[in-house]
Structures are given as structure tokens and as C-alpha cells.
Amino acid sequence: MRRCSLMLLALLVLAGCEAAAPKWVSPVAFDTTRAWIHVGNDSLPLLVEVAATEAQQTYGLMARPSLDPNSGMIFVYDSIRGGDLGFWMWRTRMPLDIAFLDSTGVIVRALTMQPCPSDLYATSCDTYLPKAPYRSALEVNGGWLAEHGVREGARVTLEGGARN
């Protein structure tokens with residue numbers, strides 16, 4: 001009887017222990033680099049993950065529970081994309097701002113994107129269009145661009161002069 005009581009007590013103690021939530025890990029690996037958004041005389045630093053391959057661009061920030069402040073993801077394409085090729089938020093968990101950049105890094109359009117209402121059907125997602133040709137797109141936390149006064153015409157540069 002005493003042995004059963006001790007086992008029950010041990011199980012109750014273990015059940016009361018809260019396991020630390022594991023850190024989210026993307027199934028797709030991304031390199032990181034530093035980026036700066038130049039607004040007037042200010043340069044706003046960001047740490048960005050680089051989505052350069054088709055797999056990285058397809059997955060993007062999908063399923064991620066959060067994004068650190070002053071961080072984001074830059075989607076870099078091999079060629080200019082048409083203004084009718086936009087982004088959607090299927091399986092994305094948080095609102096994001098997106099800045100579409102021309103081949104010189106100038107923001108041609110900035111938008112705030114909302115998560116899709118359903119994970120089941122991609123057709124339930126809005127498509128966010130740049131309405132202008134672009135070479136890359138920068139995603140950051142929703143509201144970040146407005147909070148920092150970033151708008152169309154600002155310029156984004158990447159560390160080491162990497163192509164954006």
C-alpha cells in the first residue's frame with residue numbers, strides 16, 4: 001500500500017510540472033543577414049532570414065507562432081516579378097507588413113497582411129498585390145512599418161551589398 005501511495009504521489013508531482021514549450025523550428029532552413037531600411041536620415045536595422053530558393057519562398061513564415069521585433073524575412077527573386085504576382089497568408093499565424101522592393105531596393109508598395117480565416121482552404125486567403133513590378137519583398141511584424149514611419153520610396157539595403 002505504501003509503495004502505491006508513493007507511486008501515486010510521484011505521478012501527481014510529475015503531472016504538476018510544466019514542461020517548457022519547445023522553441024519553434026522551421027522545416028526549411030534559412031540563411032540570415034542584416035538589412036537596413038533608410039527613412040530620411042535614419043537607418044533602421046533588421047535581422048532578416050533570406051528566402052532565395054523556391055522551397056524557402058513557398059514556406060516563408062508559414063506556421064511560425066511569432067516573429068522577433070526588428071526581424072523579418074526577405075524574399076529575393078532571380079528576376080523582376082510582375083505587379084500581378086502577390087503574396088497570401090495561408091497558414092500564417094500573425095499579421096505581417098510587406099514591402100515590395102524594386103531592383104534598387106526602393107519600396108514600391110507597402111501593405112499590412114492578415115492571416116487567412118481558414119487553414120483548410122487556400123482559396124479563403126486574400127492575395128496582396130504590389131501593383132508594380134518588384135524584385136524582392138520584405139516581411140516584418142504587422143504594424144512595424146507604420147510604427148517606424150516606413151512608406152513607399154524608402155530604401156532597403158542588405159549587408160555586404162547583397163542583391164535585393
# chains A, B, ... in the order shown; residues from 1 in each chain; ligands from 1
>>> residues_around(residues="Leu47 of chain A", least_positions_apart="4", cutoff="9 Å", atoms="only C-alpha atoms", output="PyMOL selection string")
chain A and resi 32-36+70-73
>>> write_last_selection(atoms="C-alpha atoms", output="mmCIF file, in the first residue's frame")
data_model
loop_
_atom_site.group_PDB
_atom_site.id
_atom_site.type_symbol
_atom_site.label_atom_id
_atom_site.label_comp_id
_atom_site.auth_asym_id
_atom_site.auth_seq_id
_atom_site.Cartn_x
_atom_site.Cartn_y
_atom_site.Cartn_z
ATOM 1 C CA THR A 32 20.183 35.257 -42.148
ATOM 2 C CA THR A 33 21.641 38.653 -42.940
ATOM 3 C CA ARG A 34 21.341 42.209 -41.731
ATOM 4 C CA ALA A 35 19.165 44.703 -43.554
ATOM 5 C CA TRP A 36 18.624 48.428 -43.123
ATOM 6 C CA ASN A 70 13.188 44.103 -35.594
ATOM 7 C CA SER A 71 13.386 40.900 -37.585
ATOM 8 C CA GLY A 72 11.774 39.635 -40.741
ATOM 9 C CA MET A 73 12.189 37.710 -43.959
#
>>> closest_residue(among="A:Arg64, A:Arg155, A:Arg109, A:Lys131", to="Leu85 of chain A", atoms="only C-alpha atoms")
A:Lys131
>>> closest_residue(among="A:Met89, A:Leu145, A:Val76, A:Met62", to="Val50 of chain A", atoms="only C-alpha atoms")
A:Val76
>>> closest_residue(among="A:Phe75, A:Asp97, A:Thr92, A:Arg81", to="Glu147 of chain A", atoms="only C-alpha atoms")
A:Asp97
>>> residues_around(residues="Ala137 of chain A", least_positions_apart="5", cutoff="8 Å", atoms="only C-alpha atoms", output="list in words")
Ile74, Phe75, Val76, Ile98, Ala99, Phe100 and Leu101 of chain A
>>> residues_around(residues="segment 115-130 of chain A", least_positions_apart="5", cutoff="8 Å", atoms="only C-alpha atoms", output="PyMOL selection string")
chain A and resi 83-95+100+108-110
>>> atom_distance(atom1="atom CA of Glu54 of chain A", atom2="atom CA of Val106 of chain A")
23.1 Å
>>> atom_distance(atom1="atom CA of Ala154 of chain A", atom2="atom CA of Asp42 of chain A")
10.4 Å
>>> residues_around(residues="Pro27 of chain A", least_positions_apart="4", cutoff="12 Å", atoms="only C-alpha atoms", output="list in words")
Ala55, Gln56, Thr58, Tyr59, Gly60, Leu61, Met62, Ala63 and Arg64 of chain A
>>> write_last_selection(atoms="N, CA and C atoms", output="PDB file, in the first residue's frame")
ATOM      1  N   ALA A  55      11.652  26.505 -52.466  1.00  0.00           N
ATOM      2  CA  ALA A  55      11.138  25.888 -51.232  1.00  0.00           C
ATOM      3  C   ALA A  55      11.046  26.918 -50.111  1.00  0.00           C
ATOM      4  N   GLN A  56      12.082  27.740 -49.964  1.00  0.00           N
ATOM      5  CA  GLN A  56      12.070  28.777 -48.926  1.00  0.00           C
ATOM      6  C   GLN A  56      10.954  29.787 -49.192  1.00  0.00           C
ATOM      7  N   THR A  58       8.183  29.342 -50.889  1.00  0.00           N
ATOM      8  CA  THR A  58       6.878  28.713 -50.715  1.00  0.00           C
ATOM      9  C   THR A  58       6.515  28.630 -49.238  1.00  0.00           C
ATOM     10  N   TYR A  59       7.461  28.260 -48.394  1.00  0.00           N
ATOM     11  CA  TYR A  59       7.179  28.091 -46.964  1.00  0.00           C
ATOM     12  C   TYR A  59       7.159  29.421 -46.221  1.00  0.00           C
ATOM     13  N   GLY A  60       8.123  30.278 -46.489  1.00  0.00           N
ATOM     14  CA  GLY A  60       8.169  31.602 -45.856  1.00  0.00           C
ATOM     15  C   GLY A  60       7.986  31.556 -44.357  1.00  0.00           C
ATOM     16  N   LEU A  61       7.085  32.379 -43.837  1.00  0.00           N
ATOM     17  CA  LEU A  61       6.823  32.449 -42.397  1.00  0.00           C
ATOM     18  C   LEU A  61       5.615  31.597 -41.996  1.00  0.00           C
ATOM     19  N   MET A  62       5.227  30.678 -42.843  1.00  0.00           N
ATOM     20  CA  MET A  62       4.089  29.802 -42.586  1.00  0.00           C
ATOM     21  C   MET A  62       4.270  29.035 -41.268  1.00  0.00           C
ATOM     22  N   ALA A  63       3.213  28.971 -40.479  1.00  0.00           N
ATOM     23  CA  ALA A  63       3.133  28.187 -39.234  1.00  0.00           C
ATOM     24  C   ALA A  63       3.972  28.747 -38.087  1.00  0.00           C
ATOM     25  N   ARG A  64       4.690  29.797 -38.323  1.00  0.00           N
ATOM     26  CA  ARG A  64       5.512  30.378 -37.260  1.00  0.00           C
ATOM     27  C   ARG A  64       4.598  31.081 -36.257  1.00  0.00           C
TER      28      ARG A  64
END
